[in-house]
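Colleague: Dumping the structure here so I can ask a few things about it.
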Amino acid sequence: MQLDPLISMTILDFRTQFEADELFRWEFQIDAVENQDILAVENSVLWHTSGKGDEDIGVHFFERRVAKKNEPQDMVSLRRFETQLPKTPITYDGFILKIHWCVRVRVFLKGGKELAEEIPFRLTSPPKTEKASRPQLRVVSA
Amino acid sequence: MARFFSLWEKKKGHRQSGSRLLGGLSAVIIYSTIMLIGVVLFVALITYQFGQAEALSLGFSIGGFWIRMAIILLMIGLGGFQTVNTLWTLSVSPERKSAISIKASHLDITQSNTTKQEEFPSVPNHEYISGSPGVRLQHRLPANNESTWLFVAVSVLVLILLGVASTLTMLIANEMITNGKVNWIAAALCPVFVGGSIWACNRFYKQLLEIAAVGPSNVEVSAHPLIPGETYKVFLYQSGLLHFRRLDLVLACYEHVTYQQGTDIRTETRRVSQKRLLRVRNLKLDPGHPFEHHSELTIPDTAMHSFQSPCNMVSWVIILTAVSNRWPRFTRRFPIIVHPVS
């Protein structure tokens, strides 16, 4: 019996809530599959909607690696990535609309099989900081 | 706890119960069949037309030939495009498709090798609001006037109903004068359309008088776009000739979703939060004394920013509603854009 490939992913900061503009780092590796059995690996950080409406998706980071014939590539080893998260859209939990963020890895195998694994996280606005008071203009006598 | 199943409403969550691949393959079979039928008909039409032209030496029958040709080309074009599009959709992951479309939308065609980066992705553009200066405060909000659209719709309805009612009346009268008989189908339909015409005319004149009597409404804000947790000044100006029983100014947030149900595309809107900024009772307006009012609005700390994607939207709006004793309630909406704290 052949095992399904296993996608192991980790968010490197070991937390599930990030603020806008923060650095987001993650890593993944693919196990239980031979390198030559993989056609392509897609790695993305994205938001998607759920709820009553049709699903919308917005990709913030996207990388696709394709196995080339005469140029062997290591598709399975551990790889690390980082990206600066955008300001919007923030994670939202509404009545008929929800916005989710996740990091997702999709593996395309020879023979048409496709596997995907994802880790959800929350993107929030930074806490409101009080604006620094504007310095008063002073007349300095000569 | 037992729940009622909604028969006609669409449920939340994923709706695709079958395989995406099987669904896509069915679509490919249908569209490619349409394309193939088109190709076969195209060949048949050309062969028949040339054969007929040679045999009878009459040339082409222009009208029939071109109409058939247009329909066949439409079948080939539509079938071919949808086949390629469905195949592409099936072969590409949703993330890759989104990445391609986002990259394409960010391409700056005026400069080679450059892409524009949005500061707030998926937040609607606020330039059309921020670019309009106010008289008392910084920005005048553009009105999304529902009354005007309602007036246009009622006007079209009046024209259609009056047209049908008068045609039916003429038909009955003509039949009675010439043949001395009654056209019973027309006689049965006539009262329905006459009744509808009377109702629509009444609604039309009420709308007309409302537009004439309710003057312009202006809403101005001290800053735009708005940010959660901040307080802003709001100025309302309302002129007109009416006596309002009640006038409300409300800040509201809506979720709008669009979804496909069978062959229909439906939109649902839900008000998720609202805050009354102003309520005035027994307001009498006359041209010399328009109503002017300064107030404040605060966007809640935890509020969601404005958001727009192809099928989903979160919008913020200031709503002016007025109720009078004699006229139907009138509503004017002033969209605003809320940015996140940054």
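We label chains A, B, ... in the order they appear in the structure tokens, count residues from 1 in each chain, and number ligands from 1 in the order shown.
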Report the closest atom pair, with its distance in Å rounded to one decimal, for each residue of chain A that has an atom no farther than 8 Å from chain B; count only C-alpha atoms, sort by chain and then rising residue number, and write it as a Markdown table.
Modeller:
```
| residue | atom | partner | partner_atom | distance |
| --- | --- | --- | --- | --- |
| A:Ala20 | CA | B:Ser342 | CA | 7.7 |
| A:Glu42 | CA | B:Arg96 | CA | 8.0 |
| A:Ser44 | CA | B:Glu95 | CA | 7.1 |
| A:Leu46 | CA | B:Glu95 | CA | 7.8 |
| A:Thr49 | CA | B:Asn312 | CA | 7.8 |
| A:Ser50 | CA | B:Gly13 | CA | 6.2 |
| A:Gly51 | CA | B:Lys12 | CA | 5.0 |
| A:Lys52 | CA | B:Lys12 | CA | 4.4 |
| A:Gly53 | CA | B:Val257 | CA | 4.6 |
| A:Asp54 | CA | B:Tyr259 | CA | 4.9 |
| A:Glu55 | CA | B:Cys311 | CA | 7.1 |
| A:Asp56 | CA | B:Cys311 | CA | 6.5 |
| A:Ile57 | CA | B:Ser98 | CA | 6.6 |
| A:Gly58 | CA | B:Ser98 | CA | 6.0 |
| A:Val59 | CA | B:Ala99 | CA | 5.5 |
| A:His60 | CA | B:Ala99 | CA | 7.7 |
| A:Phe61 | CA | B:Ala99 | CA | 7.9 |
| A:Phe62 | CA | B:Ala99 | CA | 6.5 |
| A:Pro86 | CA | B:Phe120 | CA | 7.4 |
| A:Lys87 | CA | B:Phe120 | CA | 5.9 |
| A:Thr88 | CA | B:Phe120 | CA | 5.4 |
| A:Pro89 | CA | B:Ser122 | CA | 6.3 |
| A:Ile90 | CA | B:Met304 | CA | 7.8 |
| A:Tyr92 | CA | B:Met304 | CA | 7.0 |
| A:Gly94 | CA | B:Val272 | CA | 7.7 |
| A:Phe95 | CA | B:Val272 | CA | 7.2 |
| A:Ile96 | CA | B:Glu255 | CA | 7.0 |
| A:Leu97 | CA | B:Glu255 | CA | 6.8 |
| A:Ser125 | CA | B:Val341 | CA | 5.8 |
| A:Pro126 | CA | B:Ser342 | CA | 6.3 |
| A:Pro127 | CA | B:Val341 | CA | 7.3 |
| A:Lys128 | CA | B:Val341 | CA | 6.3 |
```
Colleague: Which residues are close to Pro72 of chain A, i.e. within 10 Å by only C-alpha atoms, leaving aside same-chain residues fewer than 4 positions away? Reply as a list in words.
Modeller: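 Contacts, in chain order: Asn35, Gln36, Ala67 and Lys68 of chain A.
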Colleague: Write to file, as a PDB file, in the first residue's frame, the residues of the selection just made, with all heavy atoms.
Modeller:
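Output (result.pdb):
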```pdb
ATOM      1  N   ASN A  35      11.300  12.487  -5.020  1.00  0.00           N
ATOM      2  CA  ASN A  35      11.452  13.783  -5.694  1.00  0.00           C
ATOM      3  C   ASN A  35      10.933  13.730  -7.144  1.00  0.00           C
ATOM      4  O   ASN A  35      10.265  14.660  -7.607  1.00  0.00           O
ATOM      5  CB  ASN A  35      12.941  14.153  -5.667  1.00  0.00           C
ATOM      6  CG  ASN A  35      13.152  15.604  -6.015  1.00  0.00           C
ATOM      7  OD1 ASN A  35      12.413  16.465  -5.562  1.00  0.00           O
ATOM      8  ND2 ASN A  35      14.146  15.870  -6.831  1.00  0.00           N
ATOM      9  N   GLN A  36      11.236  12.613  -7.828  1.00  0.00           N
ATOM     10  CA  GLN A  36      10.878  12.533  -9.252  1.00  0.00           C
ATOM     11  C   GLN A  36       9.374  12.304  -9.486  1.00  0.00           C
ATOM     12  O   GLN A  36       8.906  12.386 -10.617  1.00  0.00           O
ATOM     13  CB  GLN A  36      11.685  11.440  -9.974  1.00  0.00           C
ATOM     14  CG  GLN A  36      11.479  10.046  -9.456  1.00  0.00           C
ATOM     15  CD  GLN A  36      12.517   9.689  -8.395  1.00  0.00           C
ATOM     16  OE1 GLN A  36      13.121  10.562  -7.774  1.00  0.00           O
ATOM     17  NE2 GLN A  36      12.728   8.403  -8.193  1.00  0.00           N
ATOM     18  N   ALA A  67       9.186  20.835 -11.752  1.00  0.00           N
ATOM     19  CA  ALA A  67      10.295  19.911 -12.015  1.00  0.00           C
ATOM     20  C   ALA A  67      10.664  19.992 -13.491  1.00  0.00           C
ATOM     21  O   ALA A  67       9.792  19.937 -14.364  1.00  0.00           O
ATOM     22  CB  ALA A  67       9.863  18.499 -11.657  1.00  0.00           C
ATOM     23  N   LYS A  68      11.975  20.176 -13.751  1.00  0.00           N
ATOM     24  CA  LYS A  68      12.415  20.247 -15.149  1.00  0.00           C
ATOM     25  C   LYS A  68      13.065  18.924 -15.524  1.00  0.00           C
ATOM     26  O   LYS A  68      13.624  18.232 -14.673  1.00  0.00           O
ATOM     27  CB  LYS A  68      13.387  21.407 -15.327  1.00  0.00           C
ATOM     28  CG  LYS A  68      12.701  22.754 -15.207  1.00  0.00           C
ATOM     29  CD  LYS A  68      13.695  23.885 -15.172  1.00  0.00           C
ATOM     30  CE  LYS A  68      12.986  25.202 -14.902  1.00  0.00           C
ATOM     31  NZ  LYS A  68      13.917  26.246 -14.537  1.00  0.00           N
TER      32      LYS A  68
END
```
Colleague: My list of candidates is A:Val107, A:Leu115, A:Ile7, A:Met75. Which is closest to Phe28 of chain A when distances are computed with only C-alpha atoms?
Modeller: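 Using only C-alpha atoms, the shortest distance to Phe28 of chain A belongs to A:Ile7.
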Colleague: Go through A:Gln17, A:Thr129, A:Ser77, A:Ser8 and flag the residue nearest Cys102 of chain A, using only C-alpha atoms for the distances.
Modeller: A:Gln17
Colleague: For Glu22 of chain A, list every protein, DNA or RNA residue within 7 Å, evaluated using only C-alpha atoms, and leave out those in the same chain fewer than 2 positions away; present the list as a PyMOL selection string.
Modeller: chain A and resi 18-20+24+84-85
Colleague: Please give the complete set of residues from segment 66-304 of chain B that DSSP, run on the backbone, assigns to strand (DSSP E), formatted as a ChimeraX atom specification.
Modeller: /B:139-141,144-145,214-221,231-240,243-261,264-284,291-298
Colleague: What does the distance between atom CA of Leu285 of chain B and atom CA of Ile319 of chain B come to in Å, to one decimal place?
Modeller: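 Result for atom CA of Leu285 of chain B versus atom CA of Ile319 of chain B: 19.1 Å, one decimal.
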Colleague: In Å to one decimal, how far is atom CA of Gln82 of chain B from atom CA of Val40 of chain B?
Modeller: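 According to the coordinates, atom CA of Val40 of chain B and atom CA of Gln82 of chain B are separated by 18.1 Å.
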Colleague: What is the atom CA of Leu277 of chain B-atom CA of Ile336 of chain B distance in Å, reported with one decimal?
Modeller: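 These two atoms are separated by 14.7 Å.
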Colleague: Quick one: everything within 12 Å of segment 70-81 of chain B, counting only C-alpha atoms, minus sequence neighbours fewer than 5 positions away in the same chain. Send it as number ranges by chain.
Modeller: B: 27-46, 63-65, 86-88
Colleague: Just checking: using only C-alpha atoms, which residue out of A:Ala116, A:Ala40, A:Ala32, A:Leu12 ends up closest to Arg104 of chain A?
Modeller: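 Of all the options, A:Ala116 lies closest to Arg104 of chain A.
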Colleague: So, counting only C-alpha atoms, which residue among B:Ser217, B:Ser222, B:Asn174, B:Ser105 is closest to Gln138 of chain B?
Modeller: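 Among the listed residues, the smallest separation from Gln138 of chain B belongs to B:Ser222.
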Colleague: Near Val41 of chain A, within 8 Å and counting only C-alpha atoms, which residues show up once chain neighbours fewer than 5 positions away are dropped, as number ranges by chain?
Modeller: A: 64-66, 75, 105-108
Colleague: For Ala322 of chain B, work out the shell of residues within 9 Å, counting only C-alpha atoms and skipping chain neighbours fewer than 4 positions away, then give it as a list in words.
Modeller: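 The residues satisfying every condition are Phe244, Arg245, Arg246, Leu247, Asp248, Leu249, Pro328, Arg329, Phe330, Thr331 and Arg332 of chain B.
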